[in-house]
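First comes the structure, then the notes that go with it.
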Amino acid sequence: MKTEDARKMNRRELLTRTAPACALGCLGLLKAEDVLAAGSGLSRQEVHKFDQLRDAQLSTKSATAMQYSQLMSFIRNVREAIGDEELIRLLKIHSTEVGRQAGEQQRQNSPDTEFQTFVATFRPPRYANSLTHEIVEDSETVFELRVTECVWATVFREAGLDGEIGHAAVCNMDYTWPTAFNPNFRMERDRTLMQGDDHCNHRYMQVTGKP
């Protein structure tokens, strides 16, 4: 039994190491050199000199703001022209696809598609640089988090783009991520910091048996 438990833990550790590089980089779990190397297929030592970091290091908030700077610029540029309703609709289309791609990439890099393997990605201290969160329910088929601080909500709020726009641009991807990893997985949530609540309540569920 201990050997099997250890094997499962090793598989889950492997999953974390092979999660989408862009996600890990934004979460502060990888340094910029590692993200560049992961994206190019090169080792850190092989990253081209033009791509290597200089002395300056970015905070998680600064890195997140930089990552989303072009999207936020787009939102500001088109918001008046097309109105909030159409803007939110288009942002949801984009973020839905981002979530789907993240789930598919995680599935491809994962040793299995079990529920516990998926939720291991969100267990504290993972995301420690980007979220303040705690587990409020943890069973074989349900995993719920309470998030009281979120770097994405902070960045979009400081940019004046939180609320429904920020939710459509960023938070909406959370719904398609688990389903793309395994079609039997779902996420439910009715509170988000981005929309002005005092916490987010991410509830991941396995709704049917294993595929």
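Ordering of the structure tokens sets the chain letters (A, B, ...); residue numbers start at 1 within each chain; ligands are numbered from 1 in the order shown.
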For region 76-136 of chain A against region 159-177 of chain A, with a cut-off of 7 Å and counting only C-alpha atoms, what is the closest atom pair and its distance in Å to one decimal for every residue that makes the cut, ordered by chain and number, as CSV?
```
residue,atom,partner,partner_atom,distance
A:Ile88,CA,A:Ile165,CA,5.7
A:Leu91,CA,A:Ala169,CA,5.1
A:Lys92,CA,A:Ala168,CA,4.9
A:Ser95,CA,A:Met173,CA,4.8
A:Thr96,CA,A:Met173,CA,4.9
A:Val98,CA,A:Met173,CA,6.1
A:Gly99,CA,A:Met173,CA,4.2
A:Arg100,CA,A:Trp177,CA,5.2
A:Ala102,CA,A:Trp177,CA,6.0
A:Gly103,CA,A:Trp177,CA,4.4
```
Out of region 90-157 of chain A, which residues get helix (DSSP H, G or I) from DSSP, as a VMD selection string?
chain A and resid 90 to 109 115 to 122 151 to 157
Could you check the closest approach to Leu131 (chain A) for each of A:Phe185, A:Val147, A:Gly196, A:Phe118 and tell me which residue wins, using only C-alpha atoms?
A:Val147
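Among the candidates A:Ala120, A:Met194, A:Val78, A:Ile135, the one nearest to Glu158 (chain A) when counting only C-alpha atoms is A:Met194.
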Nearest to Val142 (chain A), chosen from A:Thr208, A:Ser59, A:Gln106, A:Ser130, with only C-alpha atoms counted in the distances
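Checking each candidate against Val142 (chain A), we get A:Thr208 as the closest.
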Rounded to one decimal, what separation in Å do you get between CA of Thr148 (chain A) and CA of Glu134 (chain A)?
8.6 Å
Exercise: Val119 (chain A) partners within 10 Å, only C-alpha atoms, chain neighbours under 5 positions left out, as a PDB file with N, CA and C atoms, in the first residue's frame:
```
ATOM      1  N   ARG A  12       1.771  12.616  -9.190  1.00  0.00           N
ATOM      2  CA  ARG A  12       1.204  13.952  -9.004  1.00  0.00           C
ATOM      3  C   ARG A  12       2.285  15.013  -8.983  1.00  0.00           C
ATOM      4  N   GLU A 114      -7.017  11.089 -13.314  1.00  0.00           N
ATOM      5  CA  GLU A 114      -7.785  10.888 -12.088  1.00  0.00           C
ATOM      6  C   GLU A 114      -8.091  12.238 -11.431  1.00  0.00           C
ATOM      7  N   ASP A 138     -12.618  18.319   0.959  1.00  0.00           N
ATOM      8  CA  ASP A 138     -11.640  17.486   0.267  1.00  0.00           C
ATOM      9  C   ASP A 138     -12.066  16.018   0.390  1.00  0.00           C
ATOM     10  N   VAL A 142     -14.956  15.563  -4.526  1.00  0.00           N
ATOM     11  CA  VAL A 142     -15.190  16.997  -4.362  1.00  0.00           C
ATOM     12  C   VAL A 142     -13.946  17.653  -3.772  1.00  0.00           C
ATOM     13  N   PHE A 143     -13.583  18.791  -4.328  1.00  0.00           N
ATOM     14  CA  PHE A 143     -12.452  19.561  -3.820  1.00  0.00           C
ATOM     15  C   PHE A 143     -12.833  21.031  -3.914  1.00  0.00           C
ATOM     16  N   GLU A 144     -12.972  21.694  -2.755  1.00  0.00           N
ATOM     17  CA  GLU A 144     -13.402  23.089  -2.748  1.00  0.00           C
ATOM     18  C   GLU A 144     -12.346  23.973  -2.095  1.00  0.00           C
ATOM     19  N   PRO A 178     -11.083  22.163 -16.119  1.00  0.00           N
ATOM     20  CA  PRO A 178     -11.243  20.790 -15.610  1.00  0.00           C
ATOM     21  C   PRO A 178     -11.933  19.862 -16.595  1.00  0.00           C
ATOM     22  N   TYR A 204     -14.533  21.992  -7.288  1.00  0.00           N
ATOM     23  CA  TYR A 204     -14.292  21.018  -8.350  1.00  0.00           C
ATOM     24  C   TYR A 204     -14.949  19.701  -7.984  1.00  0.00           C
ATOM     25  N   MET A 205     -15.579  19.062  -8.998  1.00  0.00           N
ATOM     26  CA  MET A 205     -16.325  17.838  -8.727  1.00  0.00           C
ATOM     27  C   MET A 205     -16.105  16.817  -9.832  1.00  0.00           C
TER      28      MET A 205
END
```
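With only C-alpha atoms as the atoms that count, the residue of A:Gln67, A:Gln57, A:Thr121, A:Gln116 with the shortest distance to Trp152 (chain A) is A:Gln67.
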